[in-house]
Amino acid sequence: MTATSRPLITLLTDFGTRDAYVASMKGVILSLNPQAVLVDLSHEVPPQDIRAGAFLLAEAAPCFPRGAIHLAVVDPGVGTSRRALAARCREHYWVGPDNGLFHLIFNRAPDLALVSLENPAYFRPRVSATFHGRDIFAPVAAHLSLGVNLDEFGPRVYDAVALAFSEPEFGPEAVFGEIIYVDRFGNLVSNIDAGELTSWSGDRDLRLQAGQLTIQGLARTYADAAPGEFLALAGSHGFVEIACARDNAARRLKAGVGLGLEVRKKGEKGARKNSGD
């Protein structure tokens, strides 16, 4: 991967847009490389929610072209001994804190090259203990866009922090997963890959249980249920999610991250029948 005349840098943070934090990072990048193309992935990650940031990053980043640089900052440990990282894998570059934010990207990546950011020549002259996004990560991303080799930023490391994302359990009769993300529509996104679920179930119909809610089968679109009815379907991210047609499933169910989701082949015992209200 080499720098292009118009390198692309994406930004994902929990900073919001009310304050000047995001603008400051963009200003640092453009001061070093005015040709950089900056794209906002999201600045509405729930404050300090590393898991949500990791999910959003893994969902959006693969849509970008080869060589893109992804700058992500959800960093409750800023200023502590947590490492700052830059990496190359999956034909993209990654810059941000070593706190699990990149776990879904780095996990099982066969081509991962990872460095600890320790060379102050690529930082701003004065580094605030509370704003590494502006003073370390933004200038490093800019220098990467100018073609600086990854190894110039610091020594290789091999033990990036992992995030406690649970994996679904596939058994002969049931799959046990959990909700890992709630989007702005209130859809409850699980950790069960829809493709893997289809392979597991074969031609059998499915029954899904989440708390007191039972859903029969997977829908194809959000419009496959009447307004106010619950449904389950494969979201655009590829995971099974629970939705409420023209309503907010999370609010209706008073549920969120951590809610268990059990899927059984229809006819197997174990799931309770209930409307969910």
# chains A, B, ... in the order shown; residues from 1 in each chain; ligands from 1
>>> residues_around(residues="Phe176 (chain A)", least_positions_apart="5", cutoff="9 Å", atoms="only C-alpha atoms", output="list in words")
Glu167, Pro168, Glu169, Phe170, Gly171, Ile192, Gly260, Leu261, Glu262, Val263 and Arg264 of chain A
>>> residues_around(residues="Ala109 (chain A)", least_positions_apart="5", cutoff="12 Å", atoms="only C-alpha atoms", output="PyMOL selection string")
chain A and resi 87-92+102-104+114
>>> residues_around(residues="Ala113 (chain A)", least_positions_apart="2", cutoff="9 Å", atoms="only C-alpha atoms", output="list in words")
Ala86, Ala87, Arg88, Cys89, Asp111, Val115, Leu150, Arg156, Val157 and Tyr158 of chain A
>>> residues_around(residues="Ala226 (chain A)", least_positions_apart="3", cutoff="12 Å", atoms="only C-alpha atoms", output="list of chain:residue names")
A:Ala219, A:Thr221, A:Tyr222, A:Ala223, A:Glu229, A:Phe230, A:Leu231, A:Ala243, A:Cys244, A:Ala245, A:Arg246, A:Asp247
>>> select_by_dssp(residues="region 67-241 of chain A", states="alpha helix (DSSP H)", output="ChimeraX atom specification")
/A:103-106,132,138-145,194-201
>>> residues_around(residues="region 250-256 of chain A", least_positions_apart="6", cutoff="9 Å", atoms="only C-alpha atoms", output="list of chain:residue names")
A:Ile179, A:Ile180, A:Tyr181, A:Val182, A:Phe185, A:Gly186, A:Asn187, A:Leu188, A:Gly211, A:Gln212, A:Leu213, A:Ile242, A:Ala243, A:Cys244, A:Gly276, A:Asp277
>>> write_last_selection(atoms="all heavy atoms", output="tab-separated table (two decimals), in the first residue's frame")
chain	number	residue	atom	x	y	z
A	179	ILE	N	-26.89	-9.63	22.60
A	179	ILE	CA	-26.93	-8.33	21.93
A	179	ILE	C	-25.62	-7.60	22.22
A	179	ILE	O	-25.20	-7.49	23.38
A	179	ILE	CB	-28.13	-7.50	22.41
A	179	ILE	CG1	-29.44	-8.25	22.13
A	179	ILE	CG2	-28.13	-6.13	21.74
A	179	ILE	CD1	-29.63	-8.68	20.69
A	180	ILE	N	-24.97	-7.10	21.16
A	180	ILE	CA	-23.70	-6.40	21.32
A	180	ILE	C	-23.77	-4.92	20.93
A	180	ILE	O	-22.84	-4.18	21.19
A	180	ILE	CB	-22.58	-7.09	20.52
A	180	ILE	CG1	-22.90	-7.12	19.02
A	180	ILE	CG2	-22.32	-8.50	21.06
A	180	ILE	CD1	-21.76	-7.60	18.16
A	181	TYR	N	-24.88	-4.51	20.29
A	181	TYR	CA	-24.96	-3.11	19.84
A	181	TYR	C	-26.42	-2.75	19.63
A	181	TYR	O	-27.23	-3.58	19.22
A	181	TYR	CB	-24.19	-2.92	18.53
A	181	TYR	CG	-24.20	-1.49	18.02
A	181	TYR	CD1	-23.47	-0.50	18.67
A	181	TYR	CD2	-24.95	-1.13	16.91
A	181	TYR	CE1	-23.50	0.81	18.23
A	181	TYR	CE2	-24.97	0.17	16.45
A	181	TYR	CZ	-24.25	1.15	17.11
A	181	TYR	OH	-24.27	2.44	16.67
A	182	VAL	N	-26.76	-1.50	19.95
A	182	VAL	CA	-28.09	-0.96	19.69
A	182	VAL	C	-27.94	0.26	18.80
A	182	VAL	O	-27.24	1.22	19.18
A	182	VAL	CB	-28.81	-0.58	21.01
A	182	VAL	CG1	-30.21	-0.03	20.70
A	182	VAL	CG2	-28.89	-1.78	21.94
A	185	PHE	N	-32.00	3.43	15.66
A	185	PHE	CA	-33.40	3.08	15.45
A	185	PHE	C	-33.93	2.15	16.55
A	185	PHE	O	-35.10	1.80	16.54
A	185	PHE	CB	-33.57	2.39	14.09
A	185	PHE	CG	-33.22	3.28	12.94
A	185	PHE	CD1	-32.00	3.17	12.30
A	185	PHE	CD2	-34.12	4.24	12.49
A	185	PHE	CE1	-31.68	3.99	11.23
A	185	PHE	CE2	-33.81	5.07	11.42
A	185	PHE	CZ	-32.58	4.95	10.80
A	186	GLY	N	-33.02	1.75	17.48
A	186	GLY	CA	-33.42	0.84	18.54
A	186	GLY	C	-33.35	-0.61	18.15
A	186	GLY	O	-33.85	-1.48	18.87
A	187	ASN	N	-32.74	-0.92	17.00
A	187	ASN	CA	-32.56	-2.30	16.60
A	187	ASN	C	-31.48	-2.95	17.47
A	187	ASN	O	-30.42	-2.36	17.70
A	187	ASN	CB	-32.16	-2.40	15.13
A	187	ASN	CG	-33.22	-1.81	14.22
A	187	ASN	OD1	-34.42	-1.97	14.46
A	187	ASN	ND2	-32.78	-1.12	13.17
A	188	LEU	N	-31.75	-4.15	17.94
A	188	LEU	CA	-30.85	-4.87	18.83
A	188	LEU	C	-30.01	-5.83	18.01
A	188	LEU	O	-30.50	-6.85	17.53
A	188	LEU	CB	-31.66	-5.63	19.88
A	188	LEU	CG	-32.55	-4.77	20.79
A	188	LEU	CD1	-33.64	-5.60	21.43
A	188	LEU	CD2	-31.69	-4.09	21.85
A	211	GLY	N	-35.14	-12.66	26.12
A	211	GLY	CA	-35.92	-12.32	27.29
A	211	GLY	C	-37.28	-12.97	27.22
A	211	GLY	O	-37.40	-14.18	27.01
A	212	GLN	N	-38.34	-12.17	27.34
A	212	GLN	CA	-39.71	-12.69	27.26
A	212	GLN	C	-40.27	-12.68	25.84
A	212	GLN	O	-41.44	-13.03	25.65
A	212	GLN	CB	-40.61	-11.85	28.17
A	212	GLN	CG	-40.23	-11.91	29.64
A	212	GLN	CD	-40.32	-13.32	30.20
A	212	GLN	OE1	-41.31	-14.01	30.01
A	212	GLN	NE2	-39.26	-13.75	30.87
A	213	LEU	N	-39.47	-12.30	24.88
A	213	LEU	CA	-39.93	-12.19	23.49
A	213	LEU	C	-39.61	-13.45	22.70
A	213	LEU	O	-38.47	-13.91	22.71
A	213	LEU	CB	-39.28	-10.98	22.82
A	213	LEU	CG	-39.52	-10.82	21.32
A	213	LEU	CD1	-40.98	-10.45	21.06
A	213	LEU	CD2	-38.60	-9.75	20.75
A	242	ILE	N	-32.82	-7.90	16.24
A	242	ILE	CA	-34.23	-7.83	16.60
A	242	ILE	C	-34.70	-6.40	16.39
A	242	ILE	O	-34.06	-5.45	16.86
A	242	ILE	CB	-34.45	-8.26	18.05
A	242	ILE	CG1	-34.07	-9.74	18.22
A	242	ILE	CG2	-35.90	-8.03	18.48
A	242	ILE	CD1	-34.05	-10.19	19.66
A	243	ALA	N	-35.81	-6.25	15.68
A	243	ALA	CA	-36.34	-4.93	15.37
A	243	ALA	C	-37.82	-4.90	15.72
A	243	ALA	O	-38.45	-5.93	15.98
A	243	ALA	CB	-36.13	-4.61	13.90
A	244	CYS	N	-38.36	-3.70	15.73
A	244	CYS	CA	-39.79	-3.51	15.89
A	244	CYS	C	-40.23	-2.61	14.74
A	244	CYS	O	-39.73	-1.49	14.59
A	244	CYS	CB	-40.12	-2.86	17.24
A	244	CYS	SG	-41.89	-2.77	17.59
A	276	GLY	N	-43.70	-10.54	24.28
A	276	GLY	CA	-42.65	-9.58	24.55
A	276	GLY	C	-43.15	-8.30	25.18
A	276	GLY	O	-42.36	-7.48	25.62
A	277	ASP	N	-44.45	-8.07	25.23
A	277	ASP	CA	-44.99	-6.84	25.85
A	277	ASP	C	-45.44	-7.11	27.27
A	277	ASP	O	-45.84	-8.20	27.60
A	277	ASP	CB	-46.16	-6.29	25.04
A	277	ASP	CG	-45.68	-5.73	23.71
A	277	ASP	OD1	-44.61	-5.13	23.68
A	277	ASP	OD2	-46.40	-5.90	22.69
>>> residues_around(residues="Leu57 (chain A)", least_positions_apart="6", cutoff="8 Å", atoms="only C-alpha atoms", output="PyMOL selection string")
chain A and resi 12+41+72+102
>>> write_last_selection(atoms="N, CA, C and O atoms", output="PDB file, in the first residue's frame")
ATOM      1  N   LEU A  12     -13.323   8.297  13.359  1.00  0.00           N
ATOM      2  CA  LEU A  12     -14.391   7.793  14.220  1.00  0.00           C
ATOM      3  C   LEU A  12     -14.040   8.165  15.647  1.00  0.00           C
ATOM      4  O   LEU A  12     -12.936   7.867  16.114  1.00  0.00           O
ATOM      5  N   LEU A  41     -16.614   8.768   9.779  1.00  0.00           N
ATOM      6  CA  LEU A  41     -17.387   7.539   9.955  1.00  0.00           C
ATOM      7  C   LEU A  41     -18.511   7.793  10.952  1.00  0.00           C
ATOM      8  O   LEU A  41     -19.670   7.506  10.696  1.00  0.00           O
ATOM      9  N   ALA A  72      -9.217   6.311  14.727  1.00  0.00           N
ATOM     10  CA  ALA A  72     -10.334   6.062  15.647  1.00  0.00           C
ATOM     11  C   ALA A  72      -9.911   6.419  17.066  1.00  0.00           C
ATOM     12  O   ALA A  72      -8.851   5.994  17.530  1.00  0.00           O
ATOM     13  N   PHE A 102      -9.727  -1.671  18.266  1.00  0.00           N
ATOM     14  CA  PHE A 102      -9.458  -2.296  16.972  1.00  0.00           C
ATOM     15  C   PHE A 102      -9.560  -3.827  17.026  1.00  0.00           C
ATOM     16  O   PHE A 102      -9.124  -4.504  16.102  1.00  0.00           O
TER      17      PHE A 102
END
>>> closest_residue(among="A:Arg207, A:Lys26, A:Arg82, A:Arg66", to="Pro7 (chain A)", atoms="only C-alpha atoms")
A:Arg66
